[in-house]
Structures are given as structure tokens and as C-alpha cells.
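Colleague: Have a peek at upload.cif (mmCIF, C-alpha atoms and all ligand atoms).
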```cif
data_coords
#
loop_
_atom_site.label_atom_id
_atom_site.label_comp_id
_atom_site.auth_asym_id
_atom_site.auth_seq_id
_atom_site.Cartn_x
_atom_site.Cartn_y
_atom_site.Cartn_z
CA MET A 1 21.64 41.31 34.94
CA THR A 2 23.01 42.76 31.71
CA SER A 3 23.57 40.16 29.04
CA ARG A 4 26.68 39.97 26.91
CA ASN A 5 24.50 40.92 23.88
CA GLU A 6 23.45 44.09 25.67
CA GLU A 7 27.03 44.93 26.65
CA LEU A 8 28.19 44.46 23.09
CA PHE A 9 25.33 46.56 21.73
CA VAL A 10 26.21 49.46 24.04
CA ARG A 11 29.86 49.17 23.05
CA ALA A 12 29.11 48.85 19.32
CA GLN A 13 27.02 51.99 19.29
CA ARG A 14 29.99 54.07 20.41
CA THR A 15 31.92 53.49 17.20
CA ILE A 16 29.48 52.01 14.66
CA PRO A 17 26.40 54.01 13.60
CA GLY A 18 23.43 52.32 15.29
CA GLY A 19 25.81 49.58 16.44
CA VAL A 20 25.45 47.68 13.16
CA ASN A 21 26.97 47.49 9.71
CA SER A 22 23.60 47.00 7.98
CA PRO A 23 20.46 48.69 9.34
CA VAL A 24 17.94 45.82 9.68
CA ARG A 25 20.33 44.04 12.06
CA ALA A 26 19.72 46.76 14.67
CA PHE A 27 16.29 45.34 15.73
CA ARG A 28 14.92 48.90 15.65
CA SER A 29 11.53 48.00 14.22
CA VAL A 30 11.01 44.97 16.48
CA GLY A 31 12.64 46.59 19.50
CA GLY A 32 15.07 45.01 21.94
CA THR A 33 18.71 44.08 21.68
CA PRO A 34 20.20 42.56 18.54
CA ARG A 35 21.79 39.19 19.06
CA PHE A 36 25.53 39.36 18.47
CA LEU A 37 26.27 36.05 16.82
CA LYS A 38 29.52 34.27 17.45
CA LYS A 39 29.04 30.95 15.76
CA ALA A 40 26.87 29.26 13.14
CA LEU A 41 26.75 25.60 12.18
CA GLY A 42 24.19 23.81 10.05
CA ALA A 43 20.73 25.21 10.79
CA ARG A 44 21.82 26.77 14.08
CA VAL A 45 23.43 29.97 15.33
CA TRP A 46 24.74 30.91 18.78
CA ASP A 47 24.75 34.36 20.31
CA ALA A 48 27.20 36.08 22.63
CA ASP A 49 25.32 34.65 25.65
CA ASN A 50 25.78 31.15 24.20
CA LYS A 51 22.07 30.85 23.51
CA GLU A 52 21.29 28.54 20.60
CA TYR A 53 18.73 29.36 17.89
CA LEU A 54 17.29 27.55 14.92
CA ASP A 55 18.11 30.03 12.18
CA TYR A 56 15.63 31.14 9.52
CA VAL A 57 17.68 34.13 8.36
CA GLY A 58 20.55 32.12 6.89
CA SER A 59 22.74 35.22 6.54
CA TRP A 60 19.80 36.73 4.60
CA GLY A 61 19.90 34.01 1.98
CA PRO A 62 23.40 32.71 1.27
CA ALA A 63 23.39 29.81 3.76
CA ILE A 64 21.34 27.46 1.59
CA LEU A 65 23.50 24.45 2.55
CA GLY A 66 23.40 25.42 6.21
CA HIS A 67 26.16 27.32 7.97
CA ALA A 68 29.81 26.31 7.77
CA ASP A 69 29.17 23.51 5.30
CA PRO A 70 32.28 21.29 5.57
CA LEU A 71 33.01 21.20 1.83
CA VAL A 72 32.67 24.97 1.51
CA VAL A 73 34.88 25.58 4.55
CA GLU A 74 37.49 23.20 3.16
CA ALA A 75 37.43 24.96 -0.24
CA VAL A 76 37.93 28.31 1.47
CA ARG A 77 40.80 26.96 3.56
CA GLU A 78 42.56 25.48 0.53
CA ALA A 79 42.08 28.58 -1.60
CA ALA A 80 43.32 30.86 1.17
CA LEU A 81 46.57 28.91 1.42
CA ASP A 82 47.28 29.87 -2.19
CA GLY A 83 46.75 33.58 -1.57
CA LEU A 84 43.81 35.77 -0.65
CA SER A 85 43.59 38.14 -3.58
CA PHE A 86 45.59 38.68 -6.75
CA GLY A 87 43.85 41.46 -8.66
CA ALA A 88 44.54 39.33 -11.74
CA PRO A 89 42.45 36.74 -13.59
CA THR A 90 42.31 33.14 -12.35
CA GLU A 91 41.22 29.82 -13.83
CA ARG A 92 38.68 29.40 -11.04
CA GLU A 93 36.77 32.50 -12.21
CA ILE A 94 36.36 30.91 -15.64
CA GLU A 95 34.99 27.75 -14.00
CA MET A 96 32.54 29.86 -12.03
CA ALA A 97 31.42 31.80 -15.12
CA GLU A 98 31.05 28.60 -17.12
CA LEU A 99 29.07 26.94 -14.35
CA LEU A 100 26.74 29.94 -13.94
CA CYS A 101 26.11 30.08 -17.70
CA GLN A 102 25.45 26.36 -17.75
CA LEU A 103 23.04 26.45 -14.79
CA LEU A 104 21.17 29.57 -15.89
CA PRO A 105 20.42 29.38 -19.62
CA SER A 106 19.66 33.13 -19.92
CA LEU A 107 23.33 33.87 -19.17
CA GLU A 108 25.50 33.97 -22.28
CA MET A 109 28.19 35.94 -20.50
CA VAL A 110 28.61 36.90 -16.86
CA ARG A 111 30.81 39.20 -14.81
CA LEU A 112 31.64 38.60 -11.15
CA VAL A 113 31.52 41.39 -8.58
CA SER A 114 31.59 41.41 -4.78
CA SER A 115 27.97 42.10 -3.77
CA GLY A 116 24.39 42.19 -4.96
CA THR A 117 24.42 45.97 -4.82
CA GLU A 118 27.36 46.10 -7.21
CA ALA A 119 25.60 43.67 -9.52
CA THR A 120 22.38 45.69 -9.80
CA MET A 121 24.19 49.03 -9.99
CA SER A 122 26.38 47.74 -12.82
CA ALA A 123 23.49 46.07 -14.67
CA ILE A 124 21.58 49.36 -14.70
CA ARG A 125 24.57 51.31 -15.99
CA LEU A 126 25.01 48.67 -18.65
CA ALA A 127 21.35 48.85 -19.70
CA ARG A 128 21.63 52.62 -19.98
CA GLY A 129 24.85 52.36 -21.98
CA PHE A 130 23.35 49.73 -24.26
CA THR A 131 20.12 51.59 -24.99
CA GLY A 132 21.38 55.17 -24.77
CA ARG A 133 18.35 55.95 -22.60
CA ASP A 134 18.24 57.40 -19.07
CA ALA A 135 14.91 56.38 -17.52
CA ILE A 136 14.59 53.17 -15.51
CA VAL A 137 11.54 51.48 -14.03
CA LYS A 138 11.44 49.82 -10.62
CA PHE A 139 8.55 48.69 -8.45
CA GLU A 140 7.34 49.96 -5.11
CA GLY A 141 8.67 47.79 -2.29
CA CYS A 142 11.37 46.11 -4.39
CA TYR A 143 14.91 46.53 -3.11
CA HIS A 144 17.91 46.28 -5.40
CA GLY A 145 20.76 47.23 -3.12
CA HIS A 146 21.77 50.72 -2.17
CA ALA A 147 22.85 52.43 -5.39
CA ASP A 148 21.47 55.99 -5.60
CA SER A 149 18.90 55.60 -8.36
CA LEU A 150 17.49 52.44 -6.76
CA LEU A 151 16.76 53.90 -3.34
CA VAL A 152 13.40 55.24 -4.42
CA LYS A 153 10.35 53.67 -2.76
CA ALA A 154 12.54 50.68 -1.96
CA GLY A 155 12.04 47.72 0.37
CA SER A 156 14.15 45.89 2.99
CA GLY A 157 15.70 48.20 5.60
CA LEU A 158 14.09 51.27 4.07
CA LEU A 159 10.63 49.78 4.48
CA THR A 160 11.50 48.41 7.90
CA PHE A 161 12.20 51.94 9.09
CA GLY A 162 9.22 53.45 7.27
CA ASN A 163 11.42 55.61 5.04
CA PRO A 164 11.29 54.00 1.62
CA SER A 165 13.48 56.62 -0.06
CA SER A 166 16.94 57.53 1.19
CA GLY A 167 18.44 60.87 2.12
CA GLY A 168 21.47 61.85 0.07
CA VAL A 169 19.96 60.93 -3.29
CA PRO A 170 19.81 64.05 -5.49
CA GLU A 171 16.44 64.78 -7.05
CA ASP A 172 18.29 64.92 -10.36
CA PHE A 173 19.18 61.22 -10.03
CA ALA A 174 15.85 60.08 -8.66
CA LYS A 175 13.90 61.78 -11.43
CA HIS A 176 15.10 59.13 -13.88
CA THR A 177 13.60 56.34 -11.75
CA LEU A 178 9.95 55.65 -12.52
CA VAL A 179 8.25 53.70 -9.75
CA LEU A 180 5.26 51.46 -10.51
CA ASP A 181 2.94 49.29 -8.40
CA TYR A 182 4.14 45.69 -8.27
CA ASN A 183 1.84 43.24 -10.02
CA SER A 184 -0.41 45.86 -11.68
CA PRO A 185 -0.75 45.20 -15.44
CA GLU A 186 -2.70 48.42 -15.99
CA LYS A 187 0.06 50.63 -14.54
CA LEU A 188 2.69 48.80 -16.55
CA GLU A 189 0.84 49.20 -19.84
CA GLU A 190 0.10 52.85 -19.13
CA CYS A 191 3.75 53.55 -18.37
CA PHE A 192 5.07 51.87 -21.51
CA LYS A 193 2.45 53.58 -23.66
CA ALA A 194 3.47 56.98 -22.32
CA ARG A 195 7.25 56.59 -22.08
CA GLY A 196 8.26 53.14 -23.39
CA HIS A 197 10.84 54.49 -25.86
CA GLU A 198 12.64 56.41 -23.08
CA ILE A 199 13.00 53.45 -20.72
CA ALA A 200 16.47 51.87 -20.61
CA CYS A 201 15.49 49.03 -18.36
CA VAL A 202 12.93 47.57 -16.01
CA ILE A 203 14.46 46.03 -12.90
CA ILE A 204 12.29 43.70 -10.86
CA GLU A 205 12.59 41.21 -8.05
CA PRO A 206 10.67 38.53 -9.98
CA ILE A 207 9.51 37.23 -6.62
CA ALA A 208 9.89 40.05 -4.13
CA GLY A 209 11.76 39.21 -0.94
CA ASN A 210 12.37 42.65 0.48
CA MET A 211 8.79 43.58 1.34
CA ASN A 212 8.25 40.19 2.92
CA LEU A 213 7.63 37.55 0.20
CA VAL A 214 5.36 38.66 -2.64
CA ARG A 215 4.77 36.75 -5.84
CA PRO A 216 3.62 38.37 -9.08
CA SER A 217 1.16 36.55 -11.32
CA ALA A 218 2.58 34.63 -14.29
CA GLU A 219 0.42 36.73 -16.67
CA TYR A 220 1.97 39.89 -15.27
CA MET A 221 5.50 38.58 -15.76
CA HIS A 222 4.76 37.55 -19.35
CA LEU A 223 3.25 40.97 -20.04
CA LEU A 224 6.40 42.62 -18.68
CA ARG A 225 8.57 40.46 -20.94
CA ARG A 226 6.41 41.29 -23.97
CA LEU A 227 6.44 45.06 -23.34
CA CYS A 228 10.20 45.19 -22.78
CA THR A 229 10.78 43.34 -26.06
CA GLU A 230 8.34 45.58 -27.92
CA TYR A 231 9.97 48.81 -26.71
CA GLY A 232 13.62 47.71 -26.81
CA THR A 233 13.83 48.00 -23.02
CA VAL A 234 16.30 45.77 -21.16
CA LEU A 235 14.51 43.45 -18.73
CA ILE A 236 16.61 42.89 -15.61
CA TYR A 237 15.63 40.16 -13.17
CA ASP A 238 17.18 40.91 -9.82
CA GLU A 239 17.65 37.35 -8.59
CA VAL A 240 20.19 38.25 -5.91
CA MET A 241 17.80 36.74 -3.40
CA THR A 242 15.82 34.26 -5.51
CA GLY A 243 18.64 32.95 -7.71
CA PHE A 244 19.36 29.28 -6.90
CA ARG A 245 17.07 29.79 -3.90
CA VAL A 246 13.53 29.28 -5.21
CA GLY A 247 14.65 26.56 -7.61
CA PRO A 248 17.63 25.48 -9.73
CA GLN A 249 17.02 28.22 -12.30
CA GLY A 250 15.63 30.90 -10.04
CA VAL A 251 12.33 32.59 -10.79
CA GLN A 252 13.09 32.66 -14.50
CA GLY A 253 13.02 28.86 -14.45
CA LEU A 254 9.74 28.78 -12.52
CA TYR A 255 7.97 31.17 -14.89
CA GLY A 256 9.76 30.03 -18.06
CA ILE A 257 10.73 33.60 -18.94
CA THR A 258 14.12 34.73 -20.23
CA PRO A 259 15.23 38.12 -18.92
CA ASP A 260 17.86 40.12 -20.84
CA LEU A 261 20.06 40.52 -17.78
CA THR A 262 20.09 38.79 -14.40
CA THR A 263 21.75 39.93 -11.20
CA LEU A 264 22.92 37.37 -8.67
CA GLY A 265 24.50 37.29 -5.21
CA LYS A 266 23.93 35.55 -1.87
CA VAL A 267 23.75 31.78 -2.71
CA ILE A 268 26.38 32.00 -5.48
CA GLY A 269 29.01 33.04 -2.92
CA GLY A 270 28.20 30.30 -0.41
CA GLY A 271 28.57 32.83 2.43
CA MET A 272 31.47 34.75 0.92
CA PRO A 273 31.06 38.11 -0.86
CA VAL A 274 30.22 37.30 -4.48
CA GLY A 275 27.76 38.97 -6.81
CA ALA A 276 27.32 38.61 -10.56
CA PHE A 277 25.46 40.10 -13.47
CA GLY A 278 25.04 38.50 -16.83
CA GLY A 279 22.77 37.79 -19.74
CA ARG A 280 22.62 38.54 -23.46
CA ARG A 281 25.99 38.54 -25.16
CA ASP A 282 25.23 41.64 -27.26
CA ILE A 283 24.50 43.59 -24.07
CA MET A 284 27.36 42.16 -21.99
CA GLU A 285 29.84 43.02 -24.76
CA LYS A 286 29.23 46.69 -24.03
CA ILE A 287 31.19 46.41 -20.78
CA ALA A 288 34.79 47.57 -20.56
CA PRO A 289 37.25 46.47 -21.81
CA LEU A 290 35.09 45.36 -24.78
CA GLY A 291 32.76 48.35 -24.69
CA THR A 292 32.36 51.79 -23.22
CA VAL A 293 30.41 50.98 -20.04
CA TYR A 294 32.85 51.00 -17.14
CA GLN A 295 32.76 48.54 -14.26
CA ALA A 296 35.64 47.26 -12.12
CA GLY A 297 36.61 45.96 -8.66
CA THR A 298 39.83 45.17 -6.82
CA LEU A 299 38.28 42.13 -5.13
CA SER A 300 36.03 41.08 -8.02
CA GLY A 301 36.34 37.34 -8.58
CA SER A 302 38.21 36.94 -5.27
CA PRO A 303 39.88 33.51 -5.43
CA VAL A 304 38.69 32.57 -1.94
CA ALA A 305 35.11 33.75 -2.43
CA VAL A 306 34.85 32.09 -5.82
CA ALA A 307 36.13 28.82 -4.35
CA ALA A 308 33.29 28.93 -1.81
CA GLY A 309 30.78 29.77 -4.53
CA LEU A 310 31.89 26.99 -6.86
CA VAL A 311 31.61 24.31 -4.20
CA SER A 312 28.21 25.62 -3.12
CA LEU A 313 26.86 25.67 -6.67
CA ARG A 314 28.06 22.12 -7.26
CA GLN A 315 26.32 20.90 -4.13
CA ILE A 316 23.00 22.53 -4.92
CA SER A 317 23.14 21.08 -8.42
CA ARG A 318 22.88 17.54 -7.02
CA PRO A 319 19.70 15.70 -8.05
CA GLY A 320 16.89 16.08 -5.58
CA PHE A 321 18.42 19.02 -3.71
CA TYR A 322 15.53 21.40 -4.40
CA ASP A 323 12.88 18.74 -3.77
CA THR A 324 14.12 18.28 -0.22
CA LEU A 325 14.56 22.01 0.33
CA ALA A 326 11.05 22.80 -0.92
CA ALA A 327 9.60 19.95 1.16
CA ARG A 328 11.05 21.50 4.32
CA THR A 329 9.69 24.94 3.42
CA THR A 330 6.28 23.44 2.66
CA GLN A 331 6.34 21.63 6.00
CA LEU A 332 7.00 24.94 7.76
CA VAL A 333 4.44 26.96 5.80
CA ASP A 334 1.70 24.32 6.00
CA GLY A 335 2.38 23.67 9.68
CA LEU A 336 2.22 27.35 10.60
CA ASN A 337 -0.92 27.90 8.53
CA ALA A 338 -2.67 24.90 10.10
CA ALA A 339 -1.70 25.98 13.63
CA ALA A 340 -2.83 29.58 13.11
CA GLN A 341 -6.10 28.45 11.60
CA ALA A 342 -6.80 26.00 14.40
CA ARG A 343 -6.10 28.72 16.99
CA GLY A 344 -8.11 31.36 15.13
CA VAL A 345 -5.14 33.70 14.65
CA ARG A 346 -5.10 36.14 11.75
CA PHE A 347 -1.92 34.84 10.15
CA VAL A 348 -0.87 33.30 6.88
CA ALA A 349 2.43 31.96 5.50
CA ASP A 350 3.63 31.34 1.96
CA GLY A 351 6.74 29.72 0.56
CA VAL A 352 8.57 28.89 -2.64
CA GLY A 353 11.69 26.72 -2.89
CA GLY A 354 13.80 27.58 0.14
CA MET A 355 12.19 30.95 0.84
CA PHE A 356 9.09 31.90 2.81
CA GLY A 357 6.97 34.80 4.05
CA LEU A 358 4.99 35.23 7.28
CA TYR A 359 2.12 37.72 7.33
CA PHE A 360 -0.19 38.78 10.11
CA ALA A 361 -2.93 39.38 7.56
CA ASP A 362 -6.00 37.64 6.16
CA GLN A 363 -4.34 36.63 2.92
CA VAL A 364 -0.99 36.49 1.22
CA PRO A 365 -0.26 40.01 -0.10
CA ALA A 366 0.13 40.66 -3.82
CA ASN A 367 1.72 44.11 -3.69
CA TYR A 368 3.26 46.77 -1.48
CA ALA A 369 -0.06 48.25 -0.30
CA GLU A 370 -1.26 44.84 0.87
CA VAL A 371 2.03 44.19 2.65
CA MET A 372 1.72 47.52 4.44
CA ALA A 373 -1.77 46.58 5.63
CA SER A 374 -0.41 43.63 7.64
CA ASP A 375 -0.25 43.85 11.42
CA ARG A 376 3.30 44.82 12.25
CA GLU A 377 2.78 45.12 15.98
CA THR A 378 1.62 41.50 16.25
CA PHE A 379 4.55 40.40 14.09
CA ASN A 380 6.92 42.09 16.54
CA ARG A 381 5.41 40.22 19.50
CA PHE A 382 5.55 36.94 17.57
CA PHE A 383 9.16 37.62 16.60
CA HIS A 384 10.25 38.14 20.21
CA ALA A 385 8.33 35.15 21.52
CA MET A 386 9.95 32.93 18.90
CA LEU A 387 13.38 34.41 19.59
CA ASP A 388 13.00 33.71 23.30
CA ALA A 389 12.00 30.15 22.42
CA GLY A 390 15.16 29.76 20.30
CA HIS A 391 13.81 30.34 16.77
CA TYR A 392 15.56 33.15 14.91
CA PHE A 393 13.43 34.86 12.25
CA ALA A 394 14.30 38.08 10.42
CA PRO A 395 13.86 41.07 12.75
CA SER A 396 11.46 42.81 10.38
CA ALA A 397 7.96 42.17 9.05
CA PHE A 398 9.27 43.13 5.61
CA GLU A 399 11.95 40.53 5.03
CA ALA A 400 11.58 37.02 3.60
CA GLY A 401 12.74 34.00 5.60
CA PHE A 402 15.04 31.19 4.48
CA VAL A 403 15.18 27.44 5.03
CA SER A 404 18.41 25.53 4.40
CA ALA A 405 19.29 21.97 3.48
CA ALA A 406 20.53 21.56 7.05
CA HIS A 407 17.05 22.06 8.55
CA THR A 408 15.62 18.67 9.47
CA GLU A 409 11.97 17.67 9.69
CA ALA A 410 12.38 17.62 13.46
CA ASP A 411 13.81 21.18 13.43
CA ILE A 412 10.85 22.48 11.47
CA ALA A 413 8.42 20.57 13.68
CA SER A 414 9.93 22.21 16.76
CA THR A 415 9.45 25.67 15.22
CA ILE A 416 5.83 24.88 14.38
CA ALA A 417 5.26 23.66 17.94
CA ALA A 418 6.72 26.89 19.37
CA ALA A 419 4.57 29.00 17.06
CA ASP A 420 1.51 26.93 17.93
CA ALA A 421 2.09 27.56 21.64
CA TRP A 422 2.24 31.28 20.94
CA PHE A 423 -0.84 31.23 18.69
CA ALA A 424 -2.71 29.34 21.43
CA ALA A 425 -1.81 32.00 23.98
CA GLN A 426 -3.28 34.71 21.70
CA ALA A 427 -6.70 33.08 21.44
N1 LIG B 501 19.17 44.02 3.05
C1 LIG B 501 19.40 42.72 3.58
C2 LIG B 501 18.15 41.93 3.64
N2 LIG B 501 17.26 42.05 2.58
C3 LIG B 501 19.99 42.79 4.96
C4 LIG B 501 21.41 42.46 4.93
C5 LIG B 501 22.06 42.38 6.31
O1 LIG B 501 21.70 43.14 7.21
O2 LIG B 501 22.94 41.56 6.47
#
```
Since I need it in another form, could you write the structure as C-alpha cells?
Ligand code: HOZ

Modeller:
Amino acid sequence: MTSRNEELFVRAQRTIPGGVNSPVRAFRSVGGTPRFLKKALGARVWDADNKEYLDYVGSWGPAILGHADPLVVEAVREAALDGLSFGAPTEREIEMAELLCQLLPSLEMVRLVSSGTEATMSAIRLARGFTGRDAIVKFEGCYHGHADSLLVKAGSGLLTFGNPSSGGVPEDFAKHTLVLDYNSPEKLEECFKARGHEIACVIIEPIAGNMNLVRPSAEYMHLLRRLCTEYGTVLIYDEVMTGFRVGPQGVQGLYGITPDLTTLGKVIGGGMPVGAFGGRRDIMEKIAPLGTVYQAGTLSGSPVAVAAGLVSLRQISRPGFYDTLAARTTQLVDGLNAAAQARGVRFVADGVGGMFGLYFADQVPANYAEVMASDRETFNRFFHAMLDAGHYFAPSAFEAGFVSAAHTEADIASTIAAADAWFAAQA
């Protein structure tokens, strides 16, 4: 019998390329039919066949409080009653900017946009305008949204489909993007020695979440900070995924490093479309209308989206929030590692704050090449077994997973038990 998900997928493909509005959702790398979701509440989502899943995608990061958090929903409802969009400044935007600058000390000024892609694209233009240089550095396997110059050896959907650079990006644009190995101090030093004075900015996912989860060493991150300062290069931390996710001050708080610019998204919108970029005042003052670097958006600072973001940020700022979140992630990671080890399965998990990675590999990878060496075919089988058992992980071996404040100890225990059953069947 054809399921409702299958029917919808067939129908979607007639009018939407691949049946989806963002490629990883199509399940192409894991195979099978994407689940068309119709409802999400707390740690759970329901598909078109009314099947319930414990959700570890969390809308790819934003749902840190769990889905449809009552206070966020109420804030959205109230804001909507006053109008959906004005295209004019509002007091709420100031509150949001003030709160972001207060929570993230590296932000002296911040501008709100509508997505992470817009944030990174604008931050790069700003870094180029500020320095008067063209070249930018990114790292293999890092994904910074889908602006042209950033779709070179990128992660996320591009990695998932084995095509890390996009069609439609002129060679003339891509030639300004220098791509380095993630976590390799030698390559970084070499690059700066050769071209440091031409580099406008280095953009990095300070913990990568778009080639699965990969952490750089602290020494590497300090070296990067030192080199950028030495060569007058703008250091951009792309914390769209990690911001307010791995801890209250993102990765910059964990490593104790101050980037020049930070890009944000996901969590700061509480499930509504909000992105932001901010940092050093002298750089941010180069943006129009103060400076010559142009950036704009009809829906930037949307009153409804900002209302959702504000309420979310206030909730995650409560004492103890990140301790509980990290405890749940640790429970999941430790439980999965123990089960795999006991069953003799080549698998390892890692986690930080409310974010985790699952790898069918001997050890946690430290760069793109190590991620690529993991066993994708086994991941795909694991993914489908867990999905059938009602546990919804990202449909790609190259995406990080997310735990929310709504996941209970019992929820996590049930996921570990399902994984253990699958590991046992592999032995
Ligand atoms: N690029 C996003 C994950 N890293 C996927 C977004 C989506 O499909 O919703």
C-alpha cells in the first residue's frame, strides 16, 4: 500500500525540483521516501502517515527549546496581531540587538537579516569592503550557506551529494576563494606566508557541523586568531549552527577567542527566519547607511520573527539551561558509544553542548578527509533502522545532530535502546 508520504513525494516532484525546497531533505543519499512532516511538539515530530518520531534534527538546529515552545508560540501570536511586516524600524529590533550584544561579548554592533546565508554573504562583503582585499579563505567541508563564493569545496548538501562545488559559480568568482584543510596548522601558516596581505577574511565554522561534527584543536584556533591579527585579515566565525547551541557564548566562549565578526542564525530565530552578523564596531560601521558596503532586506528584522527570537534567547539564558542540555547530549553520546563498543560495532559518537555527531569510523574525525573515510553505507542502514523505530536523525552522514531541552532522559534512553538493538543485530 502506498503511504501518504509516498503520495506527497510523487506529487511534490511534479512542481518542486526534487520534491523539496532544500536538497538534503530529499533523502537522496540515504534512499527512500522523505517524511513529510505535519506537526512538531517538544522533542517529537509527526509525519503525513501520523507516525511519531523522536526528533534529532530540530529543524537543523533552531528548535533548541523543543518544537512549538508555548512561550515562543505565544510571542509569535501576539506579534502577528500587531502586523506581520512593516519595512520600518521597530523597538523590538533594538531589544534583540542589545540582547545579542550582551550575550555575545564579541558583538559591539549587529545587523539582523533573514537567514544564515544572508548573514555569511553580507559578512564577507563587509570584510572585503573593510580591507579593500578580494581573496577569502574557507576550509574544505565547511558550509556557509549558498552564496556564490562560498560554494567551493563546501559541506552539508553539497557533500551529501558528493559534489562539493556548485554549478553556476563563475570561475572568476571562485578564484578568489582559497580553500584550506580544516585543522591543519601547516597549511594555514603556509597560506598566510604566501598571500596573507591579500586575504580579506577567513571564514570558519569554529566547530564544523556540515561535514558531520568536527572539532578543531584549541591550538589551531589560537593560531588562526594570531595570523588574522598579524596580517590585518578579518576573522569571521560562522556560528549560524553553533551559536547559542554549543554553549551560552557559542564556540568563541568555549575556546575563549574573540573573532572580528560572527554570523548567527538558527537558534536566534527560535524557529522563525532570523540571521545576524555582527562584531567590531569599526568594521560594522562600514555598512550602509554609515559606510559604503551595501546590505538590505525587506523582511530584515521581521517583527514576528524577532519576537520569537527574543523569547527564545531569554529562555536559553536561564541559569542551568546549558548544563541540562549538555547532560542530555552526553547521555546520548556515551550511551551510543557504550552500546557500539559492547556489540563490537565500528562506530563512535561525539557531542558538545546540544549538538552531536555519529560516525561509522574507528575514531572521531578531525578533518574532511577523515570524515570522508567513514562508512556511509552502514550509516544509511542505521539511519533507516532508526527511522523505522521512530527515531529521526538527519538523512545524511555529513550533518550534525541536535538535542533540545525538551528531550527527556527517558527519550534519550529509548533512542540508545533502539540503537543497541540494531548494533546487536550487526554483530
Ligand atoms: N543545510 C542545512 C543543514 N546543514 C539543511 C537545511 C534544510 O534542509 O532545512

Colleague: Can you work out which one of A:Ser29, A:Ser156, A:Ser106, A:Ser317 has the shortest atom-to-atom distance to ligand LIG 501 (chain B), counting all atoms listed in the file?

Modeller: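 Nearest to ligand LIG 501 (chain B): A:Ser156.
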
Colleague: Out of A:Leu178, A:Met211, A:Leu8, A:Ala194, which residue has the shortest atom-to-atom distance to ligand LIG 501 (chain B) when counting all atoms listed in the file?

Modeller: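 So, comparing all the options, the nearest one is A:Met211.
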
Colleague: Up to 6 Å from (18.1, 24.9, 13.8) in the file's coordinates: name the residues, counting only C-alpha atoms, as an NGL selection string.

Modeller: :A and (43-44 or 54-55 or 411)

Colleague: Please determine, counting only C-alpha atoms and all ligand atoms, which residue among A:Gln295, A:Ser396, A:Ser217, A:Thr378 has the shortest atom-to-atom distance to ligand LIG 501 (chain B).

Modeller: A:Ser396

Colleague: Please check which protein, DNA or RNA residues sit within 7 Å of ligand LIG 501 (chain B), counting only C-alpha atoms and all ligand atoms, and write them as JSON, numbers by chain.

Modeller: {"A": [22, 23, 24, 25, 59, 60, 156, 157, 210, 399]}

Colleague: Can you spit out the residues from that selection as a PDB file, keeping the file's coordinate frame, using C-alpha atoms?

Modeller:
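Written output follows (again13.pdb):
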```pdb
ATOM      1  CA  SER A  22      23.600  47.000   7.980  1.00  0.00           C
ATOM      2  CA  PRO A  23      20.460  48.690   9.340  1.00  0.00           C
ATOM      3  CA  VAL A  24      17.940  45.820   9.680  1.00  0.00           C
ATOM      4  CA  ARG A  25      20.330  44.040  12.060  1.00  0.00           C
ATOM      5  CA  SER A  59      22.740  35.220   6.540  1.00  0.00           C
ATOM      6  CA  TRP A  60      19.800  36.730   4.600  1.00  0.00           C
ATOM      7  CA  SER A 156      14.150  45.890   2.990  1.00  0.00           C
ATOM      8  CA  GLY A 157      15.700  48.200   5.600  1.00  0.00           C
ATOM      9  CA  ASN A 210      12.370  42.650   0.480  1.00  0.00           C
ATOM     10  CA  GLU A 399      11.950  40.530   5.030  1.00  0.00           C
TER      11      GLU A 399
END
```

Colleague: May I ask which of the residues A:Phe379, A:Val345, A:Leu151, A:Pro62 is the closest one to Phe244 (chain A), counting all atoms listed in the file?

Modeller: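 When distances to Phe244 (chain A) are compared using all atoms listed in the file, the smallest one comes from A:Pro62.
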
Colleague: Any idea what the distance is between CA of Glu377 (chain A) and CA of Val30 (chain A)?

Modeller: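 Between CA of Glu377 (chain A) and CA of Val30 (chain A) the gap is 8.2 Å.
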
Colleague: I'd like the interatomic distance between CA of Ala12 (chain A) and CA of Asp388 (chain A), to a tenth of an Å.

Modeller: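 Computed distance, CA of Ala12 (chain A) to CA of Asp388 (chain A), equals 22.5 Å.
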
Colleague: CA of Ser115 (chain A) and CA of Gly253 (chain A), how far apart in Å?

Modeller: 22.6 Å

Colleague: What's around region 235-238 of chain A at 6 Å? Count only C-alpha atoms, leave out sequence neighbours fewer than 2 positions away in its own chain, and write the answer as a ChimeraX atom specification.

Modeller: /A:201-205,240,259-263

Colleague: Let me make sure I understand: among A:Ala419, A:Gly279, A:Ser414, A:Ser300, which one has the smallest atom-to-atom distance to Pro105 (chain A) if we use all atoms listed in the file?

Modeller: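 Among the listed residues, A:Gly279 lies closest to Pro105 (chain A).
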
Colleague: When distances are computed from all atoms listed in the file, which of A:Glu230, A:Gly167, A:Val72, A:Thr177 shows the smallest separation from Phe192 (chain A)?

Modeller: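 Using all atoms listed in the file, Phe192 (chain A) sits closest to A:Glu230.
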
Colleague: Go ahead and find all residues with at least one atom no further than 10 Å from (1.8, 28.9, 19.1) in the file's coordinates, using only C-alpha atoms; report them as an MDAnalysis selection string.

Modeller: chainID A and resid 336 339:340 343 345 382 385:386 415:427

Colleague: Find the residues around Ala308 (chain A) up to 6 Å (all atoms listed in the file counted), leave out those fewer than 2 positions away in its own chain, and share them as a ChimeraX atom specification.

Modeller: /A:72,75-76,270,305-306,310-311

Colleague: Tell me, as a list in words, which residues lie within 10 Å of Pro303 (chain A), counting all atoms listed in the file; anything in the same chain fewer than 5 positions away does not count.

Modeller: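 The neighbour list is Val76, Ala79, Ala80, Asp82, Gly83, Leu84, Ser85, Phe86, Gly87, Ala88, Pro89, Thr90, Glu91, Arg92, Glu93, Ala308 and Gly309 of chain A.
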